[in-house]
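Listing of target-v5.txt; format and content: compact mmCIF, C-alpha atoms and all ligand atoms.
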```txt
# COMPACT_ATOMS: atom_id res chain seq x y z
CA MET A 1 -81.17 -41.77 26.20
CA HIS A 2 -84.02 -39.82 27.75
CA LEU A 3 -83.03 -36.36 29.02
CA THR A 4 -85.16 -34.14 31.24
CA ARG A 5 -85.85 -30.59 30.09
CA GLU A 6 -83.29 -29.31 32.57
CA GLU A 7 -80.65 -31.71 31.22
CA GLU A 8 -81.45 -30.67 27.65
CA LYS A 9 -80.88 -27.05 28.65
CA LEU A 10 -77.43 -27.96 29.95
CA LEU A 11 -76.60 -29.28 26.48
CA GLU A 12 -77.21 -25.75 25.22
CA SER A 13 -75.64 -23.94 28.17
CA GLU A 14 -73.75 -20.72 27.52
CA ASN A 15 -71.01 -22.12 29.72
CA GLU A 16 -68.80 -24.13 27.38
CA THR A 17 -67.48 -26.40 30.16
CA VAL A 18 -70.99 -27.35 31.25
CA ARG A 19 -71.98 -27.98 27.63
CA ARG A 20 -68.92 -30.17 27.02
CA CYS A 21 -69.45 -32.08 30.24
CA MET A 22 -73.06 -32.85 29.29
CA GLU A 23 -71.91 -34.00 25.86
CA ILE A 24 -69.39 -36.35 27.49
CA LEU A 25 -72.07 -37.87 29.72
CA VAL A 26 -74.59 -38.22 26.88
CA ALA A 27 -71.96 -39.90 24.69
CA GLU A 28 -71.10 -42.32 27.52
CA GLY A 29 -74.79 -43.02 28.15
CA GLU A 30 -75.56 -43.68 24.49
CA ALA A 31 -72.50 -45.91 24.03
CA ASN A 32 -73.71 -48.02 26.96
CA GLU A 33 -77.42 -47.87 26.11
CA ALA A 34 -78.29 -46.09 29.35
CA GLU A 35 -81.94 -45.08 29.55
CA ARG A 36 -81.30 -41.89 31.57
CA LEU A 37 -78.96 -40.03 33.90
CA ILE A 38 -79.04 -40.42 37.67
CA GLU A 39 -77.82 -38.17 40.44
CA VAL A 40 -74.54 -39.11 42.13
CA LYS A 41 -73.40 -38.44 45.69
CA SER A 42 -69.73 -37.89 44.81
CA ALA A 43 -67.10 -38.09 42.12
CA HIS A 44 -63.55 -39.33 42.48
CA ILE A 45 -61.16 -38.11 39.82
CA SER A 46 -58.10 -40.00 38.56
CA GLY A 47 -55.56 -38.93 35.95
CA VAL A 48 -53.98 -36.32 38.21
CA SER A 49 -50.28 -37.02 37.81
CA TYR A 50 -48.52 -34.85 35.22
CA ASP A 51 -46.65 -38.03 34.32
CA ASN A 52 -49.96 -39.57 33.17
CA ILE A 53 -51.76 -36.69 31.49
CA GLY A 54 -48.88 -34.57 30.12
CA ASP A 55 -49.24 -31.13 28.53
CA ALA A 56 -52.35 -32.02 26.52
CA GLY A 57 -54.22 -33.01 29.69
CA LEU A 58 -52.97 -29.95 31.52
CA GLU A 59 -54.22 -27.64 28.76
CA TRP A 60 -57.63 -29.30 28.71
CA LEU A 61 -57.95 -28.98 32.48
CA GLU A 62 -56.94 -25.32 32.40
CA SER A 63 -59.75 -24.64 29.93
CA LEU A 64 -62.41 -25.75 32.42
CA GLU A 65 -64.59 -23.04 34.01
CA ALA A 66 -67.46 -24.32 36.13
CA GLU A 67 -68.64 -25.08 39.62
CA LEU A 68 -69.07 -28.56 41.03
CA ARG A 69 -72.55 -29.82 41.84
CA VAL A 70 -71.37 -32.70 44.02
CA PRO A 71 -68.32 -33.22 46.26
CA ALA A 72 -65.30 -34.55 44.41
CA THR A 73 -62.06 -36.06 45.64
CA LEU A 74 -58.74 -36.43 43.85
CA ASN A 75 -56.45 -39.37 43.11
CA PRO A 76 -52.67 -39.25 43.81
CA ALA A 77 -50.44 -36.79 41.96
CA GLY A 78 -46.88 -37.37 40.78
CA MET A 79 -45.12 -36.32 43.97
CA ASP A 80 -45.37 -35.65 47.68
CA LEU A 81 -46.28 -31.96 47.74
CA GLU A 82 -43.97 -31.29 50.68
CA ARG A 83 -41.15 -33.81 50.20
CA TRP A 84 -40.85 -33.81 46.41
CA ARG A 85 -37.18 -32.82 46.46
CA GLU A 86 -36.41 -35.75 48.78
CA MET A 87 -38.15 -38.03 46.27
CA GLY A 88 -35.84 -36.71 43.55
CA ILE A 89 -38.55 -34.90 41.56
CA GLU A 90 -37.33 -32.29 39.05
CA GLU A 91 -38.36 -28.65 39.46
CA GLU A 92 -40.02 -28.58 36.02
CA PHE A 93 -42.19 -31.58 36.86
CA TYR A 94 -43.11 -29.96 40.18
CA CYS A 95 -44.26 -26.75 38.44
CA LYS A 96 -46.39 -28.59 35.87
CA GLN A 97 -47.92 -30.79 38.57
CA MET A 98 -48.80 -27.74 40.65
CA ARG A 99 -50.54 -26.14 37.66
CA ILE A 100 -52.73 -29.26 37.41
CA LEU A 101 -53.54 -29.16 41.10
CA ARG A 102 -54.40 -25.45 40.99
CA VAL A 103 -57.09 -26.19 38.38
CA PHE A 104 -58.72 -28.78 40.61
CA GLU A 105 -58.50 -26.42 43.58
CA ARG A 106 -60.11 -23.62 41.56
CA LEU A 107 -62.94 -25.97 40.54
CA GLY A 108 -63.56 -26.82 44.20
CA VAL A 109 -62.29 -30.41 44.21
CA ARG A 110 -61.22 -31.64 47.63
CA MET A 111 -57.43 -32.00 47.47
CA THR A 112 -57.30 -35.49 48.93
CA LEU A 113 -54.67 -36.86 46.51
CA THR A 114 -55.39 -40.41 47.51
CA CYS A 115 -56.76 -43.57 45.90
CA THR A 116 -58.49 -44.48 49.18
CA PRO A 117 -61.08 -41.66 49.41
CA TYR A 118 -63.29 -44.08 51.38
CA TYR A 119 -61.01 -43.72 54.41
CA LEU A 120 -61.78 -39.99 54.46
CA LEU A 121 -65.36 -39.71 53.26
CA LYS A 122 -67.04 -43.10 53.30
CA PRO A 123 -70.04 -43.46 50.96
CA ASN A 124 -73.20 -45.17 52.21
CA PHE A 125 -74.61 -48.47 51.05
CA GLY A 126 -76.62 -47.91 47.86
CA ASP A 127 -75.12 -44.49 47.03
CA HIS A 128 -74.60 -43.86 43.33
CA LEU A 129 -71.09 -42.56 42.63
CA ALA A 130 -68.96 -41.51 39.66
CA TRP A 131 -65.53 -42.79 40.59
CA SER A 132 -62.55 -43.23 38.34
CA GLU A 133 -59.87 -45.08 40.25
CA SER A 134 -60.13 -48.79 39.51
CA SER A 135 -59.10 -49.96 43.01
CA ALA A 136 -61.48 -47.53 44.72
CA ILE A 137 -64.30 -48.55 42.37
CA VAL A 138 -63.97 -52.23 43.32
CA TYR A 139 -63.76 -51.27 46.99
CA ALA A 140 -66.86 -49.04 46.83
CA ASN A 141 -68.97 -51.59 44.93
CA SER A 142 -67.82 -54.66 46.82
CA LEU A 143 -67.01 -53.68 50.39
CA ILE A 144 -69.37 -50.73 50.84
CA GLY A 145 -72.25 -51.66 48.52
CA ALA A 146 -72.16 -48.25 46.82
CA ARG A 147 -72.68 -48.20 43.04
CA THR A 148 -70.24 -46.98 40.45
CA ASN A 149 -69.05 -47.95 37.00
CA ARG A 150 -65.42 -47.63 36.01
CA GLU A 151 -65.45 -44.00 34.97
CA SER A 152 -62.56 -42.27 33.24
CA GLY A 153 -60.93 -39.20 34.79
CA VAL A 154 -62.77 -37.08 32.21
CA SER A 155 -66.23 -38.56 32.82
CA ALA A 156 -65.71 -38.26 36.60
CA ILE A 157 -64.96 -34.54 36.16
CA ALA A 158 -68.06 -34.21 33.96
CA ALA A 159 -70.15 -35.99 36.60
CA ALA A 160 -68.81 -33.70 39.35
CA ILE A 161 -69.81 -30.63 37.31
CA ILE A 162 -73.23 -31.92 36.19
CA GLY A 163 -73.96 -33.95 39.35
CA LYS A 164 -75.14 -36.95 37.34
CA ILE A 165 -73.92 -40.04 35.49
CA PRO A 166 -75.55 -42.42 32.99
CA TYR A 167 -77.62 -45.16 34.60
CA TYR A 168 -76.24 -48.52 33.42
CA GLY A 169 -73.87 -51.29 34.51
CA MET A 170 -73.17 -51.44 38.24
CA HIS A 171 -75.83 -48.84 39.03
CA ILE A 172 -78.47 -51.48 38.26
CA LYS A 173 -78.94 -54.17 40.91
CA GLU A 174 -79.26 -57.19 38.61
CA ASN A 175 -75.92 -56.41 36.93
CA ARG A 176 -74.25 -56.87 40.31
CA ALA A 177 -75.08 -60.58 40.44
CA PRO A 178 -72.04 -62.88 40.70
CA THR A 179 -71.19 -64.80 37.53
CA ILE A 180 -68.57 -67.26 38.77
CA ALA A 181 -67.68 -68.80 42.16
CA VAL A 182 -63.98 -68.78 43.01
CA ARG A 183 -62.37 -70.57 45.95
CA ILE A 184 -59.30 -68.66 47.06
CA ARG A 185 -56.27 -70.04 48.87
CA GLY A 186 -53.02 -68.35 49.86
CA ASP A 187 -52.24 -64.64 49.65
CA LEU A 188 -55.16 -62.50 48.50
CA ALA A 189 -53.13 -59.89 46.58
CA ALA A 190 -51.35 -62.66 44.65
CA ALA A 191 -54.67 -64.45 44.05
CA GLY A 192 -56.23 -61.19 42.82
CA TYR A 193 -53.37 -60.72 40.37
CA GLU A 194 -54.01 -64.18 38.85
CA ALA A 195 -57.80 -63.92 39.10
CA GLY A 196 -57.91 -60.63 37.16
CA LYS A 197 -56.14 -62.25 34.20
CA MET A 198 -58.49 -65.24 34.22
CA LEU A 199 -61.79 -63.58 35.02
CA ARG A 200 -61.53 -60.36 32.96
CA ASP A 201 -64.95 -58.69 33.47
CA GLU A 202 -66.79 -61.33 35.52
CA VAL A 203 -68.34 -60.53 38.90
CA PRO A 204 -66.66 -63.18 41.08
CA TYR A 205 -68.15 -64.72 44.21
CA PHE A 206 -65.15 -65.49 46.41
CA ILE A 207 -65.06 -68.24 49.00
CA PHE A 208 -62.21 -68.11 51.51
CA GLU A 209 -60.89 -70.89 53.73
CA ARG A 210 -60.03 -68.51 56.58
CA SER A 211 -61.17 -65.17 57.92
CA VAL A 212 -59.81 -62.28 55.88
CA ALA A 213 -59.00 -58.69 56.88
CA GLU A 214 -60.55 -55.72 55.12
CA GLU A 215 -57.08 -54.61 53.93
CA GLU A 216 -56.53 -57.99 52.28
CA LEU A 217 -59.77 -57.53 50.36
CA LYS A 218 -58.61 -54.04 49.35
CA LEU A 219 -55.43 -55.56 47.87
CA LEU A 220 -57.39 -58.36 46.22
CA GLY A 221 -59.76 -55.90 44.54
CA ALA A 222 -56.98 -53.58 43.38
CA ALA A 223 -55.10 -56.47 41.76
CA LEU A 224 -58.27 -57.85 40.14
CA ALA A 225 -59.03 -54.48 38.58
CA ALA A 226 -55.44 -54.04 37.39
CA THR A 227 -54.96 -57.32 35.53
CA GLY A 228 -58.63 -57.59 34.55
CA ASN A 229 -61.66 -55.33 34.20
CA THR A 230 -63.42 -56.44 37.36
CA VAL A 231 -65.45 -53.70 39.01
CA MET A 232 -67.04 -55.74 41.77
CA PHE A 233 -66.79 -58.98 43.72
CA HIS A 234 -68.73 -60.69 46.46
CA ALA A 235 -66.99 -62.39 49.39
CA GLU A 236 -69.04 -65.09 51.07
CA GLY A 237 -70.01 -64.08 54.58
CA VAL A 238 -68.20 -60.74 54.31
CA THR A 239 -69.39 -58.23 51.70
CA PRO A 240 -72.79 -56.54 52.08
CA GLU A 241 -74.54 -58.04 49.04
CA TRP A 242 -73.19 -61.60 49.15
CA LYS A 243 -76.57 -63.07 50.08
CA ASP A 244 -78.61 -61.09 47.54
CA PHE A 245 -78.12 -63.48 44.61
CA ASN A 246 -77.84 -67.18 43.83
CA VAL A 247 -74.33 -68.62 44.07
CA PRO A 248 -73.09 -69.30 40.50
CA GLU A 249 -72.74 -72.95 39.54
CA GLU A 250 -69.45 -72.53 37.70
CA ARG A 251 -66.61 -72.90 40.21
CA ILE A 252 -62.84 -72.52 39.96
CA GLU A 253 -59.95 -72.43 42.43
CA ILE A 254 -57.12 -69.95 42.57
CA GLU A 255 -54.09 -70.06 44.81
CA GLY A 256 -52.20 -66.85 45.48
CA LYS A 257 -48.48 -67.51 45.81
CA PHE A 258 -45.18 -65.70 45.33
CA GLU A 259 -42.07 -66.51 43.37
CA LYS A 260 -38.52 -65.46 44.17
CA GLY A 261 -37.52 -62.26 42.43
CA CYS A 262 -34.81 -59.66 42.04
CA GLU A 263 -32.78 -58.10 44.86
CA PRO A 264 -34.70 -54.91 45.80
CA ASP A 265 -33.08 -51.51 46.19
CA LEU A 266 -36.51 -50.13 47.14
CA VAL A 267 -39.25 -51.74 49.20
CA THR A 268 -42.60 -50.01 48.94
CA VAL A 269 -46.02 -50.53 50.46
CA GLY A 270 -49.26 -48.59 50.10
CA CYS A 271 -50.88 -49.56 46.80
CA PRO A 272 -53.73 -48.77 47.39
CA HIS A 273 -52.74 -46.17 49.97
CA ALA A 274 -52.11 -47.65 53.41
CA SER A 275 -54.77 -47.53 56.11
CA PRO A 276 -53.89 -46.50 59.69
CA ARG A 277 -54.08 -50.19 60.59
CA GLU A 278 -51.54 -51.12 57.93
CA LEU A 279 -49.18 -48.44 59.30
CA GLU A 280 -49.59 -49.99 62.72
CA ILE A 281 -48.93 -53.51 61.42
CA ILE A 282 -45.71 -52.29 59.74
CA LEU A 283 -44.56 -50.71 63.00
CA ASN A 284 -45.33 -53.92 64.90
CA ILE A 285 -43.45 -56.10 62.44
CA LEU A 286 -40.47 -53.73 62.61
CA GLY A 287 -40.49 -54.19 66.39
CA GLY A 288 -37.98 -51.35 66.87
CA ARG A 289 -35.60 -52.53 64.12
CA LYS A 290 -34.26 -49.85 61.77
CA VAL A 291 -34.67 -50.32 58.03
CA ARG A 292 -31.49 -50.95 56.01
CA ARG A 293 -32.92 -50.45 52.54
CA GLU A 294 -35.03 -47.64 51.12
CA PHE A 295 -38.53 -48.33 52.44
CA TRP A 296 -41.31 -46.05 51.17
CA VAL A 297 -44.86 -46.26 52.46
CA PHE A 298 -47.61 -44.34 50.67
CA THR A 299 -50.73 -43.12 52.40
CA ALA A 300 -53.19 -40.21 52.31
CA ARG A 301 -52.05 -36.93 53.83
CA GLU A 302 -55.17 -36.90 56.01
CA VAL A 303 -54.17 -40.31 57.38
CA VAL A 304 -50.72 -38.90 58.20
CA MET A 305 -52.25 -35.86 59.91
CA LYS A 306 -54.54 -38.01 62.05
CA ASN A 307 -51.81 -40.53 62.95
CA GLN A 308 -48.82 -38.31 63.55
CA ASN A 309 -47.39 -40.36 66.43
CA LEU A 310 -47.48 -43.53 64.44
CA VAL A 311 -45.87 -41.87 61.42
CA LYS A 312 -43.18 -40.29 63.61
CA LYS A 313 -42.25 -43.71 65.04
CA LEU A 314 -42.02 -45.20 61.54
CA GLU A 315 -39.88 -42.29 60.32
CA GLU A 316 -37.57 -42.70 63.33
CA LEU A 317 -36.90 -46.26 62.17
CA GLY A 318 -35.97 -44.98 58.70
CA VAL A 319 -39.28 -45.60 56.91
CA LYS A 320 -40.27 -42.77 54.56
CA VAL A 321 -44.00 -42.17 54.76
CA PHE A 322 -44.97 -40.21 51.64
CA SER A 323 -48.37 -38.71 50.81
CA ASP A 324 -50.17 -37.27 47.78
CA THR A 325 -48.57 -39.77 45.39
CA CYS A 326 -47.63 -43.41 44.92
CA MET A 327 -44.92 -45.69 43.54
CA VAL A 328 -46.73 -46.09 40.21
CA VAL A 329 -47.85 -42.55 39.32
CA SER A 330 -44.68 -40.81 40.51
CA PRO A 331 -41.58 -40.82 38.29
CA ALA A 332 -39.54 -41.01 41.52
CA THR A 333 -39.45 -44.81 41.53
CA SER A 334 -37.99 -45.04 38.00
CA LYS A 335 -34.47 -44.53 39.34
CA PHE A 336 -34.48 -47.89 41.16
CA ASP A 337 -33.57 -51.25 39.59
CA CYS A 338 -35.74 -53.61 41.61
CA VAL A 339 -38.77 -52.62 43.65
CA MET A 340 -40.42 -54.98 46.13
CA VAL A 341 -44.19 -54.61 46.63
CA ASN A 342 -47.04 -56.36 48.40
CA SER A 343 -49.55 -55.18 45.80
CA GLY A 344 -50.71 -57.05 42.70
CA LYS A 345 -51.66 -53.72 41.15
CA ALA A 346 -48.15 -52.31 41.64
CA LEU A 347 -46.70 -55.58 40.37
CA HIS A 348 -48.73 -55.13 37.19
CA TYR A 349 -48.03 -51.44 36.54
CA LEU A 350 -44.49 -50.81 37.82
CA PRO A 351 -42.67 -52.60 34.96
CA LYS A 352 -44.86 -50.82 32.38
CA ASN A 353 -45.02 -47.33 33.88
CA ARG A 354 -41.67 -47.10 35.66
CA ARG A 355 -39.63 -49.69 33.73
CA VAL A 356 -38.31 -51.35 36.89
CA ASN A 357 -38.06 -55.00 37.88
CA VAL A 358 -40.51 -56.03 40.57
CA ARG A 359 -40.42 -58.52 43.40
CA PHE A 360 -43.69 -59.56 45.02
CA GLY A 361 -44.27 -60.64 48.62
CA ASP A 362 -46.74 -60.15 51.45
CA LEU A 363 -46.57 -57.25 53.89
CA ARG A 364 -44.47 -59.17 56.40
CA SER A 365 -41.88 -60.22 53.83
CA CYS A 366 -41.69 -56.64 52.50
CA VAL A 367 -40.94 -55.34 56.00
CA GLU A 368 -38.43 -58.15 56.65
CA MET A 369 -36.71 -57.34 53.36
CA ALA A 370 -36.51 -53.66 54.35
CA VAL A 371 -34.63 -54.51 57.56
CA SER A 372 -32.33 -57.09 55.95
FE1 LIG A 401 -53.31 -46.10 44.39
FE2 LIG A 401 -51.19 -45.70 42.97
FE3 LIG A 401 -51.87 -48.13 43.59
S1 LIG A 401 -53.09 -44.66 42.75
S2 LIG A 401 -54.06 -48.10 43.79
S3 LIG A 401 -51.26 -46.54 45.03
S4 LIG A 401 -51.16 -47.48 41.63
```
Would it be possible to restate this file's structure as structure tokens?
Ligand code: F3S
Amino acid sequence: MHLTREEEKLLESENETVRRCMEILVAEGEANEAERLIEVKSAHISGVSYDNIGDAGLEWLESLEAELRVPATLNPAGMDLERWREMGIEEEFYCKQMRILRVFERLGVRMTLTCTPYYLLKPNFGDHLAWSESSAIVYANSLIGARTNRESGVSAIAAAIIGKIPYYGMHIKENRAPTIAVRIRGDLAAAGYEAGKMLRDEVPYFIFERSVAEEELKLLGAALAATGNTVMFHAEGVTPEWKDFNVPEERIEIEGKFEKGCEPDLVTVGCPHASPRELEIILNILGGRKVRREFWVFTAREVVMKNQNLVKKLEELGVKVFSDTCMVVSPATSKFDCVMVNSGKALHYLPKNRRVNVRFGDLRSCVEMAVS
């Protein structure tokens, strides 16, 4: 990989963190045959929950000493920073999690603690990014037309400190061409869950039989990236680059449907984190009815702050609107037997990460279950 003189100097920097970060980026570039590094507009860092990274990750983070060259945002942590006791989080976990967060704060990372950074700081079409949350990566590439590969938490930190990332994969226009056309019927989250398993790392070109909401595409992308390696899709007539390439000849059909499942003792929505519109839809479906089961909704703290009335109304009906965390990365959901979700990504990870049974339905059936 070609390095400029300035980049070569960073490889010999007296600052050990800078040196290590450059080594990480060079190793990634060489492994992927990148010809050079390119500047990025932002980094989004995953691997924040103490539950995911443990003591080894915490120690590595605490060894970092550098300043960021580009703005960076942070994925959810293992608990709501204000309501962690209510979630049933242990004091020891809280302390370790706070040590992790203090490192990011010291480095200058924006403490967003959300997997939907695009609701807070939306990238522009064509921006190069170094993002490391699979659902946000698909969203940025597909719905915004920004360009990012699937970075790891470590390479996203390195990119935030160096301000660059290797130029390969989704950063290059021709690699964004669709490779298979897929007609989708039924629920999009359920279709995404199936499609990810079938398509692995294809770039699908989706054709829908009805108009679809942006939030449905968010759920579709998150599920695709969870069960497969998809980093981008096109949606005919919807996404910004759908007309830029020829439609692939190979065509398949996928129908997204649900099966009956276990009897939930927790219903949870907000994977990826809920948008203000999703909060509103939940309130409308509730129609003044109080919930009768535990019903947890996850969203970004900034979304809560900007929609306080809406959140207050939901809380008055018994919904718990948590921030900074989610049902998958927080150990709080492990204490339940059966969790109902409207997210293909949560469906995929909850049994593995939290060892719970999962029931899958759309947003309306989740809300109806919560009031039943
Ligand atoms: Fe976000 Fe957690 Fe789902 S990080 S995409 S809510 S698994």
So which residues touch region 259-270 of chain A within 6 Å, counting only C-alpha atoms, skipping near sequence neighbours fewer than 5 positions away, as a list in words?
Glu294, Phe295, Trp296, Val297, Phe298, Cys338, Val339, Met340, Val341 and Arg359 of chain A
Sorted per-residue table, region 140-238 of chain A near region 40-60 of chain A, closest atoms and distance, 7 Å, all atoms listed in the file, as a tab-separated table:
```
residue	atom	partner	partner_atom	distance
A:Gly153	CA	A:Ser46	CA	4.8
A:Ala156	CA	A:Ile45	CA	5.6
A:Ile157	CA	A:Ile45	CA	6.4
A:Ala159	CA	A:Ala43	CA	6.6
A:Ala160	CA	A:Ala43	CA	5.5
A:Gly163	CA	A:Val40	CA	5.9
A:Lys164	CA	A:Val40	CA	5.3
A:Ile165	CA	A:Val40	CA	6.7
```
Between CA of Glu315 (chain A) and CA of Leu101 (chain A), what is the distance in Å, rounded to a tenth?
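Going from CA of Glu315 (chain A) over to CA of Leu101 (chain A), I get 27.0 Å.
Considering only C-alpha atoms and all ligand atoms, the residue among A:Glu250, A:Glu12, A:Glu133, A:Glu67 positioned nearest to ligand LIG 401 (chain A) is A:Glu133.
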My list of candidates is A:Arg5, A:His234, A:Lys218, A:Arg102. Which is closest to ligand LIG 401 (chain A) when distances are computed with only C-alpha atoms and all ligand atoms?
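Nearest candidate to ligand LIG 401 (chain A) out of A:Arg5, A:His234, A:Lys218, A:Arg102: A:Lys218.
Ranking A:Asn353, A:Thr114, A:Asn175, A:Gln97 by their shortest atom-to-atom distance to ligand LIG 401 (chain A), with all atoms listed in the file included, puts A:Thr114 first.
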Quick one: residues within 12 Å of (-36.5, -42.4, 41.5) (file frame), counting only C-alpha atoms, please, as a PyMOL selection string.
chain A and resi 78-79+84-90+265-266+294+296+326-339+354-356
Of the residues A:Tyr167, A:Trp242, A:Tyr205, A:Tyr139, which is the one nearest to ligand LIG 401 (chain A), using all atoms listed in the file?
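With all atoms listed in the file as the atom set, the closest residue is A:Tyr139.
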With all atoms listed in the file as the basis for distance, which of A:Ala190, A:Leu314, A:Leu11, A:Leu224 is at the shortest distance from ligand LIG 401 (chain A)?
A:Leu224
May I have the residues within 7 Å of region 206-217 of chain A as a list of chain:residue names, using all atoms listed in the file and disregarding those fewer than 4 positions away in the same chain?
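Here the qualifying residues turn out to be A:Ala181, A:Val182, A:Arg183, A:Ile184, A:Arg185, A:Leu188, A:Ala189, A:Gly221, A:His234, A:Ala235, A:Glu236.
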Straight-line distance linking CA of Ser132 (chain A) with CA of Arg150 (chain A), stated in Å to one decimal:
5.7 Å
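Counting all atoms listed in the file, the residue from A:Glu39, A:Glu253, A:Glu91, A:Glu33 that sits nearest to Arg69 (chain A) is A:Glu39.
When the distance limit is 9 Å and all atoms listed in the file are what count, the residues near Pro272 (chain A), minus those fewer than 4 positions from it on the same chain, are Thr114, Cys115, Thr116, Ser135, Ala136, Lys218, Leu219, Ala222, Phe298, Thr299, Cys326, Ser343, Lys345 and Ala346 of chain A.
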